[in-house]
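Visitor: CSV, C-alpha atoms and all ligand atoms, file work.csv:
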```
chain,number,residue,atom,x,y,z
A,181,MET,CA,82.9,18.1,-37.9
A,182,GLY,CA,82.8,21.7,-36.7
A,183,THR,CA,81.3,24.9,-38.0
A,184,GLN,CA,82.6,28.4,-38.0
A,185,GLY,CA,81.5,30.4,-35.0
A,186,ARG,CA,82.4,33.7,-33.2
A,187,ALA,CA,85.8,35.0,-34.1
A,188,GLY,CA,86.1,32.2,-36.6
A,189,GLU,CA,86.8,29.6,-33.9
A,190,ASP,CA,85.8,26.0,-34.5
A,191,MET,CA,82.5,25.2,-33.0
A,192,LEU,CA,81.6,21.8,-31.4
A,193,THR,CA,78.5,19.8,-32.2
A,194,ILE,CA,76.4,18.9,-29.2
A,195,GLY,CA,77.8,15.3,-29.3
A,196,ALA,CA,81.4,16.5,-29.3
A,197,PHE,CA,80.7,19.1,-26.6
A,198,ALA,CA,79.0,16.4,-24.5
A,199,ARG,CA,82.0,14.1,-24.7
A,200,ALA,CA,84.4,16.9,-23.8
A,201,SER,CA,82.3,18.2,-20.9
A,202,ARG,CA,81.2,14.8,-19.6
A,203,LEU,CA,77.6,16.0,-19.7
A,204,SER,CA,75.0,14.1,-21.7
A,205,PRO,CA,73.4,15.7,-24.8
A,206,LYS,CA,70.1,15.3,-23.0
A,207,ALA,CA,71.5,17.3,-20.0
A,208,LEU,CA,72.9,19.9,-22.4
A,209,ARG,CA,69.4,20.4,-24.0
A,210,LEU,CA,67.9,20.8,-20.6
A,211,TYR,CA,70.5,23.3,-19.5
A,212,ASP,CA,69.9,25.2,-22.7
A,213,GLU,CA,66.1,25.4,-21.9
A,214,LEU,CA,67.0,26.6,-18.4
A,215,ALA,CA,69.3,29.3,-19.7
A,216,LEU,CA,72.0,27.7,-17.6
A,217,LEU,CA,74.3,26.8,-20.6
A,218,PRO,CA,72.9,28.1,-23.9
A,219,PRO,CA,74.8,27.0,-27.0
A,220,ALA,CA,76.9,29.7,-28.7
A,221,ARG,CA,74.9,29.2,-31.9
A,222,VAL,CA,71.8,27.4,-33.0
A,223,ASP,CA,71.5,26.7,-36.6
A,224,PRO,CA,68.3,28.5,-37.7
A,225,ALA,CA,67.5,25.9,-40.4
A,226,THR,CA,68.2,22.6,-38.6
A,227,GLY,CA,67.9,23.7,-34.9
A,228,TYR,CA,71.3,22.0,-34.2
A,229,ARG,CA,73.1,23.4,-31.2
A,230,TYR,CA,76.8,24.4,-31.5
A,231,TYR,CA,79.1,25.2,-28.6
A,232,ALA,CA,82.2,27.2,-28.5
A,233,PRO,CA,85.4,25.6,-27.0
A,234,ASP,CA,85.5,28.5,-24.4
A,235,GLN,CA,82.2,27.2,-23.0
A,236,LEU,CA,83.9,24.1,-21.7
A,237,ASP,CA,85.0,25.6,-18.4
A,238,ARG,CA,81.5,26.6,-17.6
A,239,ALA,CA,80.1,23.2,-18.7
A,240,ARG,CA,82.7,21.4,-16.5
A,241,THR,CA,81.8,23.6,-13.5
A,242,VAL,CA,78.1,22.8,-14.0
A,243,ALA,CA,78.9,19.1,-14.2
A,244,TRP,CA,80.9,19.2,-10.9
A,245,LEU,CA,78.2,21.2,-9.1
A,246,ARG,CA,75.6,18.6,-10.3
A,247,ARG,CA,77.8,15.8,-8.8
A,248,LEU,CA,77.8,17.9,-5.6
A,249,GLY,CA,74.0,17.6,-5.6
A,250,MET,CA,73.4,21.4,-6.1
A,251,PRO,CA,69.9,22.2,-7.6
A,252,LEU,CA,70.0,23.6,-11.1
A,253,ALA,CA,68.5,27.0,-10.2
A,254,ARG,CA,71.3,27.5,-7.7
A,255,ILE,CA,73.9,26.4,-10.1
A,256,ARG,CA,72.7,29.1,-12.5
A,257,ARG,CA,73.3,31.7,-9.8
A,258,VAL,CA,76.7,30.3,-8.9
A,259,VAL,CA,78.1,30.2,-12.5
A,260,ALA,CA,76.9,33.8,-13.0
A,261,LEU,CA,79.1,35.0,-10.1
A,262,GLU,CA,82.8,36.0,-10.2
A,263,ALA,CA,85.2,33.4,-8.6
A,264,THR,CA,85.3,34.7,-5.0
A,265,ALA,CA,81.6,35.1,-4.7
A,266,ALA,CA,81.0,31.7,-6.4
A,267,ALA,CA,83.4,30.0,-3.9
A,268,ARG,CA,81.5,31.6,-1.0
A,269,GLU,CA,78.2,30.4,-2.5
A,270,ILE,CA,79.5,26.8,-2.8
A,271,ARG,CA,80.8,26.9,0.8
A,272,ALA,CA,77.3,28.1,2.0
A,273,PHE,CA,75.6,25.4,0.0
A,274,TRP,CA,77.8,22.8,1.5
A,275,ALA,CA,77.3,24.0,5.1
A,276,GLU,CA,73.5,23.7,4.5
A,277,VAL,CA,74.0,20.1,3.2
A,278,GLU,CA,76.0,19.2,6.3
A,279,ALA,CA,73.5,20.8,8.6
A,280,ASP,CA,70.7,18.9,6.9
A,281,THR,CA,72.7,15.6,7.0
A,282,ALA,CA,73.2,16.2,10.8
A,283,VAL,CA,69.5,16.5,11.3
A,284,ARG,CA,68.8,13.4,9.3
A,285,ARG,CA,71.6,11.5,11.1
A,286,ASP,CA,69.9,12.4,14.5
A,287,LEU,CA,66.6,11.2,13.2
A,288,ALA,CA,68.1,7.9,11.9
A,289,THR,CA,69.8,7.4,15.3
A,290,PHE,CA,66.6,8.1,17.1
A,291,LEU,CA,64.6,5.7,14.9
A,292,VAL,CA,67.2,3.0,15.4
A,293,GLY,CA,67.1,3.5,19.1
A,294,GLN,CA,63.3,3.5,19.0
A,295,LEU,CA,63.1,0.2,17.1
A,296,SER,CA,65.6,-1.5,19.3
A,297,GLN,CA,63.8,-0.3,22.4
A,298,SER,CA,60.5,-1.7,21.1
A,299,SER,CA,62.2,-5.0,20.3
A,300,ARG,CA,63.6,-5.1,23.9
A,301,LYS,CA,60.2,-4.4,25.3
A,302,ASP,CA,59.0,-7.7,24.0
A,303,THR,CA,61.3,-9.5,26.4
A,304,ASP,CA,61.7,-6.9,29.1
A,305,MET,CA,58.4,-6.0,30.6
A,306,THR,CA,59.9,-3.8,33.3
A,307,GLY,CA,60.2,-1.1,30.6
A,308,SER,CA,62.8,1.7,30.7
A,309,THR,CA,60.8,4.9,30.7
A,310,ILE,CA,62.9,7.9,31.3
A,311,GLU,CA,61.8,10.4,33.9
A,312,LEU,CA,62.7,14.1,33.5
A,313,ARG,CA,63.2,16.3,36.5
A,314,CYS,CA,63.0,19.9,35.5
A,315,ALA,CA,63.6,23.4,36.9
A,316,ALA,CA,63.9,26.9,35.4
A,317,LEU,CA,64.9,30.3,36.6
A,318,SER,CA,64.9,33.7,34.9
A,319,ASP,CA,66.5,36.9,36.2
A,320,ARG,CA,66.4,40.5,34.9
A,321,GLY,CA,70.2,40.7,35.2
A,322,LEU,CA,72.1,43.8,36.4
A,323,VAL,CA,71.7,46.2,33.5
A,324,ARG,CA,68.3,45.8,31.7
A,325,SER,CA,65.3,47.7,33.2
A,326,ALA,CA,62.9,44.8,32.5
A,327,ASN,CA,63.0,41.0,32.0
A,328,GLN,CA,61.8,40.1,28.5
A,329,ASP,CA,62.8,36.4,28.9
A,330,ALA,CA,60.3,33.7,29.7
A,331,VAL,CA,60.9,30.2,31.0
A,332,HIS,CA,58.9,27.0,31.7
A,333,ALA,CA,59.8,23.8,33.4
A,334,GLY,CA,57.0,21.2,33.9
A,335,THR,CA,57.1,17.5,33.9
A,336,ARG,CA,57.4,17.0,30.1
A,337,VAL,CA,58.0,20.5,28.7
A,338,LEU,CA,61.1,22.6,29.1
A,339,ALA,CA,61.3,26.0,27.4
A,340,VAL,CA,63.3,29.3,27.2
A,341,ALA,CA,62.2,32.3,25.1
A,342,ASP,CA,64.0,35.6,24.8
A,343,GLY,CA,61.8,38.5,23.7
A,344,PHE,CA,63.0,41.6,21.9
A,345,GLY,CA,61.5,44.9,20.9
A,346,PRO,CA,58.9,47.1,22.7
A,347,SER,CA,56.6,44.1,23.3
A,348,GLY,CA,59.3,41.5,23.7
A,349,GLY,CA,58.1,40.6,27.2
A,350,PRO,CA,54.6,39.6,26.2
A,351,ALA,CA,56.0,38.0,23.1
A,352,SER,CA,58.3,35.6,25.0
A,353,ALA,CA,55.6,34.8,27.5
A,354,ALA,CA,53.1,33.9,24.7
A,355,ALA,CA,55.7,31.7,22.9
A,356,VAL,CA,56.3,29.7,26.1
A,357,ALA,CA,52.6,29.6,26.9
A,358,ALA,CA,51.9,28.0,23.5
A,359,LEU,CA,53.9,24.9,24.5
A,360,VAL,CA,52.5,24.5,28.0
A,361,PRO,CA,49.3,22.6,26.8
A,362,LEU,CA,51.7,19.9,25.6
A,363,GLU,CA,52.3,18.9,29.2
A,364,ASP,CA,48.8,17.4,29.3
A,365,ARG,CA,49.1,15.3,26.1
A,366,ALA,CA,49.6,11.7,27.1
A,367,PRO,CA,53.0,10.5,25.9
A,368,SER,CA,52.5,8.0,23.2
A,369,ASP,CA,54.5,4.7,22.9
A,370,ALA,CA,53.2,4.3,19.4
A,371,PHE,CA,55.9,4.7,16.7
A,372,ASP,CA,53.9,7.2,14.7
A,373,GLY,CA,53.1,9.0,17.9
A,374,GLU,CA,56.8,9.8,18.3
A,375,LEU,CA,57.0,11.4,14.9
A,376,GLY,CA,53.5,12.8,15.3
A,377,VAL,CA,54.8,15.0,18.2
A,378,LEU,CA,56.9,16.9,15.7
A,379,GLY,CA,53.7,17.9,13.8
A,380,VAL,CA,52.0,18.9,17.1
A,381,LEU,CA,55.1,21.0,17.9
A,382,ALA,CA,55.1,22.6,14.5
A,383,ASP,CA,51.4,23.6,15.0
A,384,ALA,CA,52.2,25.0,18.4
A,385,VAL,CA,55.0,27.1,17.0
A,386,ARG,CA,52.8,28.4,14.1
A,387,GLU,CA,50.2,29.3,16.7
A,388,ALA,CA,52.9,31.1,18.8
A,389,HIS,CA,54.1,33.0,15.8
A,390,ARG,CA,50.5,34.3,15.1
A,391,THR,CA,50.0,35.3,18.7
A,392,VAL,CA,53.4,37.1,18.9
A,393,GLY,CA,52.6,38.8,15.7
A,394,ALA,CA,49.2,40.0,17.0
A,395,ILE,CA,50.8,41.3,20.2
A,396,ALA,CA,53.4,43.3,18.2
A,397,ARG,CA,50.7,44.8,15.9
A,398,ALA,CA,48.6,45.7,19.0
A,399,HIS,CA,51.5,47.9,20.2
A,400,PRO,CA,52.7,49.5,17.0
A,401,SER,CA,56.1,51.2,17.1
A,402,GLY,CA,59.0,51.8,14.8
A,403,GLU,CA,60.9,48.9,16.3
A,404,GLU,CA,60.2,45.2,15.5
A,405,SER,CA,59.1,42.9,18.3
A,406,GLY,CA,59.5,39.1,18.5
A,407,THR,CA,61.0,36.3,20.4
A,408,THR,CA,63.3,33.3,20.3
A,409,LEU,CA,62.0,29.9,21.4
A,410,THR,CA,64.0,26.8,22.4
A,411,ALA,CA,62.1,23.9,23.9
A,412,LEU,CA,62.2,20.2,24.7
A,413,VAL,CA,59.1,18.1,24.9
A,414,GLN,CA,59.3,14.5,26.2
A,415,THR,CA,57.7,12.0,23.9
A,416,GLY,CA,57.3,8.3,24.7
A,417,ALA,CA,60.9,7.4,24.8
A,418,GLY,CA,62.8,10.4,23.5
A,419,LEU,CA,62.7,14.2,23.3
A,420,ALA,CA,61.4,16.5,20.6
A,421,LEU,CA,63.4,19.7,20.2
A,422,VAL,CA,62.1,22.9,18.7
A,423,HIS,CA,64.3,25.8,18.2
A,424,ILE,CA,64.2,29.2,16.6
A,425,GLY,CA,66.5,32.2,17.2
A,426,ASP,CA,69.6,32.4,19.3
A,427,SER,CA,68.7,30.8,22.6
A,428,ARG,CA,70.5,27.5,23.0
A,429,ALA,CA,70.2,23.9,24.1
A,430,TYR,CA,73.1,22.0,25.5
A,431,LEU,CA,73.4,18.3,26.5
A,432,LEU,CA,75.7,17.1,29.2
A,433,ARG,CA,76.4,13.4,28.5
A,434,ASP,CA,79.2,11.2,29.9
A,435,GLY,CA,80.8,14.3,31.4
A,436,GLU,CA,80.9,16.1,28.0
A,437,LEU,CA,78.9,19.2,27.0
A,438,PHE,CA,77.4,19.3,23.5
A,439,LEU,CA,75.7,22.2,21.9
A,440,ILE,CA,72.6,20.7,20.2
A,441,THR,CA,71.2,23.8,18.5
A,442,GLN,CA,72.5,26.2,15.9
A,443,ASP,CA,72.1,29.9,16.4
A,444,HIS,CA,69.9,31.5,13.8
A,445,THR,CA,72.1,34.6,13.6
A,446,LEU,CA,73.8,36.5,10.8
A,447,VAL,CA,77.2,35.9,12.4
A,448,ARG,CA,76.6,32.2,12.6
A,449,SER,CA,75.8,32.0,8.9
A,450,MET,CA,78.9,34.1,8.2
A,451,VAL,CA,81.0,31.6,10.1
A,452,ASP,CA,79.4,28.8,8.1
A,453,GLU,CA,80.3,30.6,4.9
A,454,GLY,CA,83.9,31.2,6.1
A,455,ARG,CA,83.5,34.9,6.2
A,456,LEU,CA,84.1,35.2,10.0
A,457,THR,CA,86.0,33.1,12.5
A,458,PRO,CA,84.1,31.8,15.6
A,459,GLU,CA,86.2,34.2,17.7
A,460,GLU,CA,85.3,37.2,15.5
A,461,ALA,CA,81.6,36.2,15.7
A,462,ALA,CA,81.7,36.1,19.5
A,463,THR,CA,82.6,39.8,19.7
A,464,HIS,CA,80.9,41.0,16.4
A,465,PRO,CA,78.8,44.2,17.0
A,466,GLN,CA,75.8,42.6,15.2
A,467,ARG,CA,76.2,39.2,16.9
A,468,SER,CA,72.6,39.2,18.1
A,469,LEU,CA,71.1,40.0,14.7
A,470,LEU,CA,68.6,37.2,14.2
A,471,LEU,CA,67.9,35.5,10.8
A,472,LYS,CA,64.8,33.9,12.3
A,473,ALA,CA,62.5,34.6,15.2
A,474,LEU,CA,58.8,34.3,16.1
A,475,GLY,CA,56.6,37.3,15.4
A,476,GLY,CA,58.5,39.2,12.8
A,477,GLY,CA,57.7,39.1,9.1
A,478,GLU,CA,54.6,37.8,7.3
A,479,ALA,CA,55.3,34.2,6.5
A,480,PRO,CA,55.7,31.9,9.5
A,481,PRO,CA,59.4,31.2,10.1
A,482,VAL,CA,60.5,27.6,9.8
A,483,PRO,CA,61.9,26.3,13.2
A,484,ASP,CA,64.4,23.6,13.6
A,485,LEU,CA,62.4,20.6,14.7
A,486,ARG,CA,63.9,17.2,15.5
A,487,LEU,CA,63.9,14.2,17.7
A,488,HIS,CA,66.7,13.6,20.2
A,489,ASP,CA,67.4,10.5,22.1
A,490,VAL,CA,67.7,10.6,25.9
A,491,ARG,CA,69.6,8.3,28.3
A,492,PRO,CA,69.5,8.0,32.0
A,493,GLY,CA,72.1,10.5,33.4
A,494,ASP,CA,71.7,13.0,30.6
A,495,ARG,CA,71.4,16.6,31.7
A,496,PHE,CA,69.9,19.2,29.4
A,497,LEU,CA,70.4,23.0,29.7
A,498,LEU,CA,68.3,25.5,27.7
A,499,CYS,CA,69.4,29.1,28.1
A,500,SER,CA,69.1,32.6,26.6
A,501,ASP,CA,72.1,34.5,25.2
A,502,GLY,CA,72.4,36.4,28.4
A,503,VAL,CA,73.8,33.1,29.8
A,504,PHE,CA,76.2,31.8,27.1
A,505,GLY,CA,77.2,35.4,26.3
A,506,VAL,CA,79.0,35.6,29.7
A,507,ILE,CA,79.6,32.0,30.7
A,508,THR,CA,82.0,29.8,28.8
A,509,PRO,CA,81.0,26.3,27.7
A,510,GLU,CA,83.6,24.9,30.1
A,511,ALA,CA,82.1,26.8,33.1
A,512,LEU,CA,78.6,25.6,32.1
A,513,ARG,CA,79.9,22.0,31.9
A,514,GLU,CA,81.4,22.2,35.4
A,515,THR,CA,78.3,23.9,36.8
A,516,LEU,CA,76.0,21.2,35.4
A,517,LEU,CA,78.3,18.4,36.5
A,518,ALA,CA,78.6,19.8,40.1
A,519,SER,CA,74.9,20.4,40.6
A,520,PRO,CA,73.0,17.5,42.4
A,521,ASP,CA,69.5,18.5,41.0
A,522,PRO,CA,68.0,20.8,38.3
A,523,LEU,CA,67.0,23.6,40.6
A,524,SER,CA,70.5,24.0,42.1
A,525,ALA,CA,72.0,23.8,38.6
A,526,ALA,CA,69.7,26.6,37.4
A,527,ARG,CA,70.5,28.6,40.5
A,528,SER,CA,74.2,28.2,40.0
A,529,VAL,CA,74.0,29.3,36.3
A,530,ILE,CA,72.1,32.4,37.3
A,531,ASP,CA,74.6,33.2,40.1
A,532,LEU,CA,77.5,32.7,37.7
A,533,ALA,CA,75.9,35.1,35.1
A,534,LEU,CA,75.2,37.7,37.8
A,535,ALA,CA,78.8,37.4,39.0
A,536,SER,CA,79.9,38.1,35.4
A,537,GLY,CA,78.0,41.4,35.2
A,538,ALA,CA,74.8,40.1,33.6
A,539,PRO,CA,74.4,42.8,31.0
A,540,ASP,CA,71.3,41.0,29.5
A,541,ASN,CA,68.3,39.1,30.9
A,542,ILE,CA,69.5,35.6,32.1
A,543,SER,CA,67.3,32.5,31.8
A,544,CYS,CA,67.9,28.8,32.0
A,545,ALA,CA,65.9,25.6,32.2
A,546,VAL,CA,67.6,22.4,33.3
A,547,ALA,CA,66.4,18.8,33.0
A,548,HIS,CA,67.9,15.7,34.6
A,549,ALA,CA,67.0,12.4,33.0
A,550,THR,CA,66.7,9.4,35.3
A,551,SER,CA,65.5,5.9,34.7
B,601,MN,MN,68.9,38.1,25.5
```
Starting from the file, give its structure as structure tokens.
Guide:
Amino acid sequence: MGTQGRAGEDMLTIGAFARASRLSPKALRLYDELALLPPARVDPATGYRYYAPDQLDRARTVAWLRRLGMPLARIRRVVALEATAAAREIRAFWAEVEADTAVRRDLATFLVGQLSQSSRKDTDMTGSTIELRCAALSDRGLVRSANQDAVHAGTRVLAVADGFGPSGGPASAAAVAALVPLEDRAPSDAFDGELGVLGVLADAVREAHRTVGAIARAHPSGEESGTTLTALVQTGAGLALVHIGDSRAYLLRDGELFLITQDHTLVRSMVDEGRLTPEEAATHPQRSLLLKALGGGEAPPVPDLRLHDVRPGDRFLLCSDGVFGVITPEALRETLLASPDPLSAARSVIDLALASGAPDNISCAVAHATS
């Protein structure tokens, strides 16, 4: 039984509208309270909600977005947009879901590996601790007047930072220095110790952010200063990876090179949203514009933090954009494969970048995992 609404069209009761839109009356009442899908008319006497047939499209869109797992606040923004902008917003949401799933998949893989390793330990007392051999080099390059990159390679910590702005040099040095104390923390075999290291790393990064911010404020200028930070820390049986900005971490495993970090850049997010192709991003004039870095802004930025498994034979490369900006992944792969030890790999990477003109500071840190 309908009622007369706008322009004399037949209005639907909440029950009829629920059936037609495949949303429950309970959900419809909630969406009304959230101003996501208010009824066309509410009877002032009874409080009954009535919906117009032309609200069905929006209701169905809301239902589909809910099935996608999109939060209600975000759905409210999406349904207020025109079609092209709404499509872009859904693509962006889905890219975030996939990135999040990838992080959780890595964590699950790590935990499975961790548990099977501890079950093996019961029978195999020889253990299978991985040893890392690390080396790092940094070079001013051929164009810049100063080197604002910083690197560290110890026995358990490997780090690259790329500073920017007037106090970019001290900023990158401070970011790397914040991680060096982790060299001395005993690697823990305990299960919670593995996960605990992520908390320790998060604390170190917050500390680095405060220090970098203080350095920037001590040298006030019109330009912003800050730094990227990409680092690996060996835990009991795996590696913890911390990453913020547009330096990168690569893994060479079984002869293949994998990029294991995502650039926190504007162009990278535009590629995720389908607004740029990867080829356009590589030559985009604003390709080094960072969405996240240490030092800038008030709130501490949230770094990517995750656990990564490590196997004998793995080779890790951390590098600043001065490296991957001029050396193709294929050339990096060949260089890592051909180098007998971490120091010669780092030397070769630097030489290759210099041979390519080295317009930016060039830095890399290399780790070889052996059993
Ligand atoms: Mn750089």
Visitor: Which residues, written as a ChimeraX atom specification, have at least one atom at most 9 Å from A:Gly348, with all atoms listed in the file counted and residues fewer than 3 positions away on the same chain left out?
Guide: /A:328-329,342-345,351-353,392,396,405-407
Visitor: Residues as selected, C-alpha atoms, written as a short mmCIF file (atom, residue, chain, number, x, y, z; two decimals), in the frame of the given file, can you do that?
Guide:
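Written out: out09.cif:
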```cif
data_model
loop_
_atom_site.label_atom_id
_atom_site.label_comp_id
_atom_site.auth_asym_id
_atom_site.auth_seq_id
_atom_site.Cartn_x
_atom_site.Cartn_y
_atom_site.Cartn_z
CA GLN A 328 61.80 40.10 28.50
CA ASP A 329 62.80 36.40 28.90
CA ASP A 342 64.00 35.60 24.80
CA GLY A 343 61.80 38.50 23.70
CA PHE A 344 63.00 41.60 21.90
CA GLY A 345 61.50 44.90 20.90
CA ALA A 351 56.00 38.00 23.10
CA SER A 352 58.30 35.60 25.00
CA ALA A 353 55.60 34.80 27.50
CA VAL A 392 53.40 37.10 18.90
CA ALA A 396 53.40 43.30 18.20
CA SER A 405 59.10 42.90 18.30
CA GLY A 406 59.50 39.10 18.50
CA THR A 407 61.00 36.30 20.40
#
```
Visitor: Taking all atoms listed in the file into account, which of A:Ile542, A:Ala518, A:Ala339, A:Leu287 comes nearest A:Arg324?
Guide: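 Going through A:Ile542, A:Ala518, A:Ala339, A:Leu287 one by one, the smallest distance to A:Arg324 is for A:Ile542.
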Visitor: Suppose you want the space between atom CA of A:Thr408 and atom CA of A:Pro522; what is it in Å?
Guide: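 Distance reported for this atom pair: 22.4 Å.
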Visitor: Can you list, as a list in words, every protein, DNA or RNA residue that comes within 8 Å of A:Thr309 when you count only C-alpha atoms, leaving out same-chain residues fewer than 6 positions away?
Guide: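 The neighbour list is Gly416, Ala417 and Ser551 of chain A.
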Visitor: Using only C-alpha atoms, which protein or nucleic acid residues come within 10 Å of A:Glu460? Drop anything in the same chain fewer than 5 positions from it, and give the result as a list in words.
Guide: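 Near neighbours after the sequence-gap exclusion: Val447, Val451, Arg455, Pro465 and Arg467 of chain A.
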Visitor: For stretch 532-541 of chain A, find every residue with an atom within 10 Å (counting all atoms listed in the file), except residues of its own chain fewer than 5 positions away, and show them as a list in words.
Guide: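 Residues meeting the cut-off are Ser318, Asp319, Arg320, Gly321, Leu322, Val323, Arg324, Ser325, Ala326, Asn327, Gln328, Asp329, Ala330, Asp342, Gly343, Ser500, Asp501, Gly502, Val503, Phe504, Gly505, Val506, Ile507, Ala511, Leu512, Thr515, Ala526 and Arg527 of chain A.
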Visitor: Fewer than 5 positions away in the same chain doesn't count, so skip those; otherwise give me all residues within 7 Å of A:Val422, counting all atoms listed in the file, as an NGL selection string.
Guide: :A and (410-412 or 483-486)
Visitor: Please report the interatomic distance between atom CA of A:Gln235 and atom CA of A:Glu213 in Å with one decimal.
Guide: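 Going from atom CA of A:Gln235 over to atom CA of A:Glu213 covers 16.2 Å.
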Visitor: In terms of the shortest atom-to-atom distance over all atoms listed in the file, which of A:Asp489, A:Asp434, A:Glu510, A:Asp426 is closest to ligand MN 601 (chain B)?
Guide: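 Closest candidate: A:Asp426.
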Visitor: Find the residue from A:Arg397, A:Arg257, A:Arg428, A:His332 that sits nearest to ligand MN 601 (chain B); use only C-alpha atoms and all ligand atoms when measuring.
Guide: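 For ligand MN 601 (chain B), the nearest of the given residues is A:Arg428.
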Visitor: Using all atoms listed in the file, can you tell me which of A:Arg491, A:Pro458, A:Gly425, A:Leu192 comes closest to ligand MN 601 (chain B)?
Guide: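 Nearest to ligand MN 601 (chain B): A:Gly425.
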Visitor: Rank nothing, just name the residue among A:Leu291, A:Leu497, A:Leu431, A:Ala357 nearest to A:Gly418, using all atoms listed in the file.
Guide: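 The shortest atom-to-atom distance to A:Gly418 comes from A:Leu291.
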Visitor: For a cutoff of 10 Å around the file-coordinate point (77.0, 15.2, 29.9), which residues qualify once you count only C-alpha atoms? I'd like the result as JSON, numbers by chain.
Guide: {"A": [430, 431, 432, 433, 434, 435, 436, 437, 438, 493, 494, 495, 496, 513, 514, 516, 517]}
Visitor: Restricting the calculation to all atoms listed in the file, which member of A:Ala315, A:Ala341, A:Leu456, A:Phe290 is positioned closest to ligand MN 601 (chain B)?
Guide: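 Between A:Ala315, A:Ala341, A:Leu456, A:Phe290, the residue approaching ligand MN 601 (chain B) most closely is A:Ala341.
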Visitor: Could you tell me how far atom CA of A:Ala461 sits from atom CA of A:Asp280, in Å to one decimal place?
Guide: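 Answer for the atom CA of A:Asp280 to atom CA of A:Ala461 separation: 22.3 Å.
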